[in-house]
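See structure below.
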Amino acid sequence: MEMLDVWECCKTKSKVWLQMQNKLLTADRLNKWGMMIDTKCSLCQKAEETRDHLFVECEYTKAMMHKLMSWTQNQSIVASSWEQHVQKVIKRAKGKSKEAQLFKMLYSELVHYIWIEKNRRIFEKTSIGWKRIAKEITCVCYVRPF
């Protein structure tokens, strides 16, 4: 595995760890620290940006996850709460099977790309759209060996 591949893999895994620990610097957390920022979700503009909203409730994320999972012939994760979401992720990622390995890659890339897209919209005022992101994730996961 090339050094760049190792670095990319570490970045995506660390994002998932931060996500699971609720340590990502979402708008609600920054606001609680006293930063006066817009707390509306930059992806869907419909609710406050929290970890739970960004990865479970956001229509943008749900659409991307559904498309990504259907392209890779995986069942999409549909959850009504963060706790249910985590249980489903753990269940799907458990083990050493090729399906579990692929799911881990897909999920970590999804978290990473959602975060990148969110920041792109806030700081660069641009967007590449969920369909293109889903295609990029699919390509990354099928090219990277597991």
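Identifiers in the structure tokens: chain A, B, ... in order shown; residue index from 1 per chain; ligand index from 1 in order shown.
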With the cut-off set at 9 Å and counting only C-alpha atoms, tabulate each residue of segment 48-117 of chain A with an atom at most that distance from an atom of segment 20-32 of chain A, showing the nearest atom pair and its distance in Å to one decimal, ordered by chain and increasing number, as a tab-separated table.
residue	atom	partner	partner_atom	distance
A:Glu48	CA	A:Asp28	CA	7.1
A:Glu49	CA	A:Ala27	CA	5.5
A:Thr50	CA	A:Asp28	CA	5.7
A:Arg51	CA	A:Thr26	CA	6.5
A:Asp52	CA	A:Asn22	CA	8.9
A:Leu54	CA	A:Thr26	CA	8.7
A:Val86	CA	A:Met20	CA	7.9
Using N, CA, C and O atoms, can you export the residues from the last selection as a compact mmCIF listing (two decimals), in the first residue's frame?
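Output (part-v9.txt):
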# COMPACT_ATOMS: atom_id res chain seq x y z
N GLU A 48 -30.78 22.18 12.73
CA GLU A 48 -29.51 22.52 13.36
C GLU A 48 -28.49 21.43 13.05
O GLU A 48 -28.81 20.24 13.07
N GLU A 49 -27.25 21.85 12.78
CA GLU A 49 -26.19 20.89 12.48
C GLU A 49 -25.65 20.29 13.78
O GLU A 49 -24.97 20.95 14.54
N THR A 50 -26.03 19.05 14.01
CA THR A 50 -25.49 18.25 15.11
C THR A 50 -24.93 16.98 14.49
O THR A 50 -25.20 16.68 13.32
N ARG A 51 -24.18 16.24 15.26
CA ARG A 51 -23.68 14.97 14.74
C ARG A 51 -24.85 14.07 14.33
O ARG A 51 -24.85 13.48 13.26
N ASP A 52 -25.85 13.98 15.21
CA ASP A 52 -26.98 13.11 14.93
C ASP A 52 -27.72 13.52 13.66
O ASP A 52 -28.08 12.68 12.84
N LEU A 54 -26.49 15.36 11.13
CA LEU A 54 -25.61 15.25 9.97
C LEU A 54 -25.51 13.82 9.44
O LEU A 54 -25.49 13.60 8.23
N VAL A 86 -25.74 3.54 15.24
CA VAL A 86 -24.47 2.94 15.69
C VAL A 86 -24.60 1.42 15.78
O VAL A 86 -23.70 0.69 15.34
>> What's around segment 136-138 of chain A at 8 Å? Count only C-alpha atoms, leave out sequence neighbours fewer than 4 positions away in its own chain, and write the answer as a list of chain:residue names.
In response: A:Leu68, A:Trp71, A:Thr72, A:Leu106, A:Glu109, A:Leu110, A:Tyr113, A:Arg132, A:Tyr142
Residue selection dump (N, CA, C and O atoms) as a PDB file, in the first residue's frame:
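So again_32.pdb came out as:
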ATOM      1  N   LEU A  68     -25.193   5.189  -2.641  1.00  0.00           N
ATOM      2  CA  LEU A  68     -23.919   4.497  -2.473  1.00  0.00           C
ATOM      3  C   LEU A  68     -24.135   3.019  -2.160  1.00  0.00           C
ATOM      4  O   LEU A  68     -23.517   2.151  -2.769  1.00  0.00           O
ATOM      5  N   TRP A  71     -25.545   1.107  -5.267  1.00  0.00           N
ATOM      6  CA  TRP A  71     -24.523   0.858  -6.283  1.00  0.00           C
ATOM      7  C   TRP A  71     -23.601  -0.277  -5.898  1.00  0.00           C
ATOM      8  O   TRP A  71     -23.100  -0.996  -6.740  1.00  0.00           O
ATOM      9  N   THR A  72     -23.352  -0.419  -4.613  1.00  0.00           N
ATOM     10  CA  THR A  72     -22.434  -1.462  -4.146  1.00  0.00           C
ATOM     11  C   THR A  72     -23.180  -2.713  -3.698  1.00  0.00           C
ATOM     12  O   THR A  72     -22.604  -3.600  -3.086  1.00  0.00           O
ATOM     13  N   LEU A 106     -16.672   1.712   2.908  1.00  0.00           N
ATOM     14  CA  LEU A 106     -17.748   2.581   2.432  1.00  0.00           C
ATOM     15  C   LEU A 106     -18.188   3.563   3.514  1.00  0.00           C
ATOM     16  O   LEU A 106     -18.327   4.764   3.255  1.00  0.00           O
ATOM     17  N   GLU A 109     -15.446   6.204   4.340  1.00  0.00           N
ATOM     18  CA  GLU A 109     -15.363   7.176   3.237  1.00  0.00           C
ATOM     19  C   GLU A 109     -16.587   8.094   3.238  1.00  0.00           C
ATOM     20  O   GLU A 109     -16.467   9.286   2.989  1.00  0.00           O
ATOM     21  N   LEU A 110     -17.755   7.537   3.514  1.00  0.00           N
ATOM     22  CA  LEU A 110     -18.975   8.340   3.578  1.00  0.00           C
ATOM     23  C   LEU A 110     -18.851   9.427   4.635  1.00  0.00           C
ATOM     24  O   LEU A 110     -19.119  10.604   4.372  1.00  0.00           O
ATOM     25  N   TYR A 113     -16.268  12.049   3.397  1.00  0.00           N
ATOM     26  CA  TYR A 113     -16.750  12.893   2.308  1.00  0.00           C
ATOM     27  C   TYR A 113     -17.882  13.825   2.744  1.00  0.00           C
ATOM     28  O   TYR A 113     -17.988  14.938   2.238  1.00  0.00           O
ATOM     29  N   ARG A 132     -22.143  12.894  -7.292  1.00  0.00           N
ATOM     30  CA  ARG A 132     -20.722  12.830  -7.644  1.00  0.00           C
ATOM     31  C   ARG A 132     -19.906  12.274  -6.482  1.00  0.00           C
ATOM     32  O   ARG A 132     -18.995  11.469  -6.688  1.00  0.00           O
ATOM     33  N   TYR A 142     -13.578   0.521  -4.525  1.00  0.00           N
ATOM     34  CA  TYR A 142     -13.334  -0.607  -5.399  1.00  0.00           C
ATOM     35  C   TYR A 142     -11.906  -0.648  -5.924  1.00  0.00           C
ATOM     36  O   TYR A 142     -11.429  -1.685  -6.353  1.00  0.00           O
TER      37      TYR A 142
END
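One distance worth recording is that between atom CA of Leu18 of chain A and atom CA of Ser108 of chain A, which is 11.2 Å.
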> Using only C-alpha atoms, which residues sit within 12 Å of Ile77 of chain A once same-chain residues fewer than 3 positions away are excluded, as a ChimeraX atom specification?
Replying inline: /A:55-57,61-70,74,80-82,84-93,103,106-107
Selection to disk with N, CA, C and O atoms, as a CSV table (one decimal), in the first residue's frame:
chain,number,residue,atom,x,y,z
A,55,PHE,N,-25.5,12.8,10.3
A,55,PHE,CA,-25.2,11.5,9.9
A,55,PHE,C,-26.5,10.5,10.0
A,55,PHE,O,-26.4,9.4,9.5
A,56,VAL,N,-27.6,11.0,10.6
A,56,VAL,CA,-28.7,10.1,10.7
A,56,VAL,C,-30.0,10.8,10.1
A,56,VAL,O,-30.7,10.1,9.4
A,57,GLU,N,-30.2,12.0,10.3
A,57,GLU,CA,-31.4,12.7,9.9
A,57,GLU,C,-31.4,13.5,8.6
A,57,GLU,O,-32.4,13.7,8.0
A,61,THR,N,-27.5,13.4,3.4
A,61,THR,CA,-26.7,12.3,3.8
A,61,THR,C,-27.5,11.0,3.5
A,61,THR,O,-26.9,10.0,3.0
A,62,LYS,N,-28.8,11.0,3.8
A,62,LYS,CA,-29.6,9.8,3.5
A,62,LYS,C,-29.6,9.4,2.0
A,62,LYS,O,-29.5,8.3,1.6
A,63,ALA,N,-29.8,10.5,1.2
A,63,ALA,CA,-29.8,10.2,-0.3
A,63,ALA,C,-28.5,9.7,-0.8
A,63,ALA,O,-28.4,8.7,-1.5
A,64,MET,N,-27.4,10.3,-0.3
A,64,MET,CA,-26.1,9.8,-0.7
A,64,MET,C,-25.8,8.4,-0.2
A,64,MET,O,-25.3,7.5,-1.0
A,65,MET,N,-26.2,8.1,1.0
A,65,MET,CA,-26.0,6.7,1.6
A,65,MET,C,-26.8,5.7,0.8
A,65,MET,O,-26.3,4.6,0.5
A,66,HIS,N,-28.0,6.0,0.5
A,66,HIS,CA,-28.9,5.1,-0.2
A,66,HIS,C,-28.3,4.8,-1.6
A,66,HIS,O,-28.3,3.7,-2.0
A,67,LYS,N,-27.9,5.8,-2.3
A,67,LYS,CA,-27.3,5.6,-3.6
A,67,LYS,C,-26.1,4.8,-3.6
A,67,LYS,O,-25.8,3.9,-4.3
A,68,LEU,N,-25.2,5.2,-2.6
A,68,LEU,CA,-23.9,4.5,-2.5
A,68,LEU,C,-24.1,3.0,-2.2
A,68,LEU,O,-23.5,2.2,-2.8
A,69,MET,N,-25.0,2.7,-1.3
A,69,MET,CA,-25.3,1.3,-0.9
A,69,MET,C,-25.9,0.6,-2.0
A,69,MET,O,-25.6,-0.6,-2.2
A,70,SER,N,-26.8,1.2,-2.8
A,70,SER,CA,-27.5,0.5,-3.9
A,70,SER,C,-26.5,0.2,-5.0
A,70,SER,O,-26.5,-0.9,-5.6
A,74,ASN,N,-25.3,-3.1,-1.4
A,74,ASN,CA,-25.4,-3.2,0.1
A,74,ASN,C,-26.8,-2.7,0.5
A,74,ASN,O,-27.3,-1.8,-0.1
A,80,SER,N,-33.7,5.6,13.1
A,80,SER,CA,-34.5,6.7,13.6
A,80,SER,C,-33.7,7.4,14.8
A,80,SER,O,-34.2,8.5,15.2
A,81,SER,N,-32.6,6.9,15.2
A,81,SER,CA,-31.9,7.6,16.3
A,81,SER,C,-30.4,7.3,16.1
A,81,SER,O,-30.0,6.3,15.4
A,82,TRP,N,-29.5,8.1,16.8
A,82,TRP,CA,-28.1,7.9,16.7
A,82,TRP,C,-27.7,6.5,17.2
A,82,TRP,O,-26.9,5.8,16.7
A,84,GLN,N,-29.5,3.7,17.4
A,84,GLN,CA,-29.9,2.7,16.4
A,84,GLN,C,-28.9,2.7,15.2
A,84,GLN,O,-28.5,1.6,14.8
A,85,HIS,N,-28.5,3.8,14.8
A,85,HIS,CA,-27.6,4.0,13.7
A,85,HIS,C,-26.2,3.2,14.1
A,85,HIS,O,-25.7,2.4,13.3
A,86,VAL,N,-25.7,3.5,15.2
A,86,VAL,CA,-24.5,2.9,15.7
A,86,VAL,C,-24.6,1.4,15.8
A,86,VAL,O,-23.7,0.7,15.3
A,87,GLN,N,-25.7,0.9,16.3
A,87,GLN,CA,-25.9,-0.5,16.4
A,87,GLN,C,-25.9,-1.2,15.0
A,87,GLN,O,-25.3,-2.2,14.9
A,88,LYS,N,-26.5,-0.5,14.1
A,88,LYS,CA,-26.5,-1.1,12.7
A,88,LYS,C,-25.1,-1.0,12.1
A,88,LYS,O,-24.7,-2.0,11.4
A,89,VAL,N,-24.4,0.0,12.3
A,89,VAL,CA,-23.1,0.1,11.7
A,89,VAL,C,-22.2,-0.9,12.3
A,89,VAL,O,-21.4,-1.6,11.6
A,90,ILE,N,-22.2,-1.1,13.6
A,90,ILE,CA,-21.4,-2.1,14.3
A,90,ILE,C,-21.7,-3.5,13.8
A,90,ILE,O,-20.8,-4.3,13.5
A,91,LYS,N,-23.0,-3.8,13.7
A,91,LYS,CA,-23.4,-5.1,13.2
A,91,LYS,C,-22.9,-5.4,11.8
A,91,LYS,O,-22.4,-6.5,11.5
A,92,ARG,N,-23.0,-4.4,10.9
A,92,ARG,CA,-22.6,-4.6,9.5
A,92,ARG,C,-21.0,-4.6,9.4
A,92,ARG,O,-20.5,-5.3,8.5
A,93,ALA,N,-20.3,-3.9,10.3
A,93,ALA,CA,-18.9,-3.9,10.2
A,93,ALA,C,-18.2,-5.0,10.9
A,93,ALA,O,-16.9,-5.1,10.8
A,103,PHE,N,-18.0,-2.8,3.7
A,103,PHE,CA,-18.8,-1.8,4.5
A,103,PHE,C,-18.0,-0.9,5.3
A,103,PHE,O,-18.3,0.3,5.3
A,106,LEU,N,-16.7,1.7,2.9
A,106,LEU,CA,-17.7,2.6,2.4
A,106,LEU,C,-18.2,3.6,3.5
A,106,LEU,O,-18.3,4.8,3.3
A,107,TYR,N,-18.4,3.1,4.7
A,107,TYR,CA,-18.9,3.9,5.8
A,107,TYR,C,-17.8,5.0,6.2
A,107,TYR,O,-18.2,6.1,6.3
>> With DSSP run on the backbone, what are the helix (DSSP H, G or I) residues within chain A? I'd like them as a ChimeraX atom specification.
In response: /A:3-20,27-32,51-57,59-71,82-93,98-124,130-143
Could you take the residues named above and write them with C-alpha atoms, as a compact mmCIF listing (two decimals), in the first residue's frame?
# COMPACT_ATOMS: atom_id res chain seq x y z
CA MET A 3 2.05 6.06 1.67
CA LEU A 4 -0.77 8.21 0.27
CA ASP A 5 -3.20 5.29 0.59
CA VAL A 6 -2.15 4.77 4.21
CA TRP A 7 -2.62 8.49 4.94
CA GLU A 8 -6.07 8.58 3.32
CA CYS A 9 -7.08 5.46 5.23
CA CYS A 10 -5.96 7.04 8.53
CA LYS A 11 -7.84 10.27 7.82
CA THR A 12 -11.10 8.46 7.15
CA LYS A 13 -10.77 6.16 10.16
CA SER A 14 -9.99 9.07 12.46
CA LYS A 15 -13.10 10.90 11.23
CA VAL A 16 -15.23 7.87 12.14
CA TRP A 17 -13.64 7.73 15.59
CA LEU A 18 -14.35 11.45 16.10
CA GLN A 19 -17.90 10.93 14.82
CA MET A 20 -18.59 8.04 17.19
CA ALA A 27 -21.98 23.84 14.41
CA ASP A 28 -23.86 23.05 17.62
CA ARG A 29 -20.61 22.25 19.47
CA LEU A 30 -18.85 25.36 18.17
CA ASN A 31 -21.86 27.45 19.22
CA LYS A 32 -21.75 25.97 22.74
CA ARG A 51 -23.68 14.97 14.74
CA ASP A 52 -26.98 13.11 14.93
CA HIS A 53 -28.61 15.30 12.31
CA LEU A 54 -25.61 15.25 9.97
CA PHE A 55 -25.25 11.46 9.90
CA VAL A 56 -28.74 10.12 10.68
CA GLU A 57 -31.45 12.70 9.93
CA GLU A 59 -31.86 14.20 3.77
CA TYR A 60 -28.66 14.93 1.84
CA THR A 61 -26.72 12.27 3.76
CA LYS A 62 -29.57 9.78 3.51
CA ALA A 63 -29.80 10.23 -0.27
CA MET A 64 -26.05 9.78 -0.68
CA MET A 65 -25.96 6.73 1.58
CA HIS A 66 -28.91 5.13 -0.20
CA LYS A 67 -27.35 5.65 -3.64
CA LEU A 68 -23.92 4.50 -2.47
CA MET A 69 -25.28 1.35 -0.87
CA SER A 70 -27.46 0.48 -3.86
CA TRP A 71 -24.52 0.86 -6.28
CA TRP A 82 -28.10 7.85 16.69
CA GLU A 83 -28.04 4.82 18.98
CA GLN A 84 -29.89 2.69 16.42
CA HIS A 85 -27.55 3.96 13.68
CA VAL A 86 -24.47 2.94 15.69
CA GLN A 87 -25.91 -0.52 16.41
CA LYS A 88 -26.52 -1.10 12.70
CA VAL A 89 -23.06 0.15 11.73
CA ILE A 90 -21.39 -2.11 14.30
CA LYS A 91 -23.43 -5.11 13.18
CA ARG A 92 -22.56 -4.56 9.50
CA ALA A 93 -18.87 -3.86 10.18
CA LYS A 98 -15.26 -9.22 2.45
CA GLU A 99 -18.73 -7.74 2.99
CA ALA A 100 -17.74 -6.37 6.40
CA GLN A 101 -14.45 -5.01 5.04
CA LEU A 102 -16.22 -3.31 2.13
CA PHE A 103 -18.84 -1.84 4.45
CA LYS A 104 -16.14 -0.43 6.76
CA MET A 105 -14.47 1.25 3.81
CA LEU A 106 -17.75 2.58 2.43
CA TYR A 107 -18.88 3.91 5.79
CA SER A 108 -15.57 5.56 6.69
CA GLU A 109 -15.36 7.18 3.24
CA LEU A 110 -18.97 8.34 3.58
CA VAL A 111 -18.25 10.03 6.91
CA HIS A 112 -15.10 11.61 5.49
CA TYR A 113 -16.75 12.89 2.31
CA ILE A 114 -19.78 14.25 4.19
CA TRP A 115 -17.42 16.23 6.39
CA ILE A 116 -15.43 17.48 3.38
CA GLU A 117 -18.61 18.53 1.53
CA LYS A 118 -19.95 20.30 4.61
CA ASN A 119 -16.71 22.25 4.97
CA ARG A 120 -16.53 22.96 1.23
CA ARG A 121 -19.96 24.60 1.41
CA ILE A 122 -19.07 26.66 4.47
CA PHE A 123 -15.55 27.79 3.61
CA GLU A 124 -15.37 27.67 -0.19
CA TRP A 130 -24.13 13.94 -3.47
CA LYS A 131 -24.29 11.94 -6.72
CA ARG A 132 -20.72 12.83 -7.64
CA ILE A 133 -19.53 12.17 -4.09
CA ALA A 134 -21.24 8.77 -4.06
CA LYS A 135 -19.51 7.90 -7.37
CA GLU A 136 -16.13 8.99 -5.98
CA ILE A 137 -16.59 6.90 -2.83
CA THR A 138 -17.59 3.87 -4.90
CA CYS A 139 -14.50 4.25 -7.09
CA VAL A 140 -12.20 4.73 -4.10
CA CYS A 141 -13.54 1.63 -2.36
CA TYR A 142 -13.33 -0.61 -5.40
CA VAL A 143 -9.80 0.51 -6.29
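When atom CA of Gly95 of chain A is paired with atom CA of Cys58 of chain A, their separation reads 28.5 Å.
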> Expressed in Å to a single decimal, how great is the separation between atom CA of Val78 of chain A and atom CA of Thr39 of chain A?
Replying inline: 24.4 Å
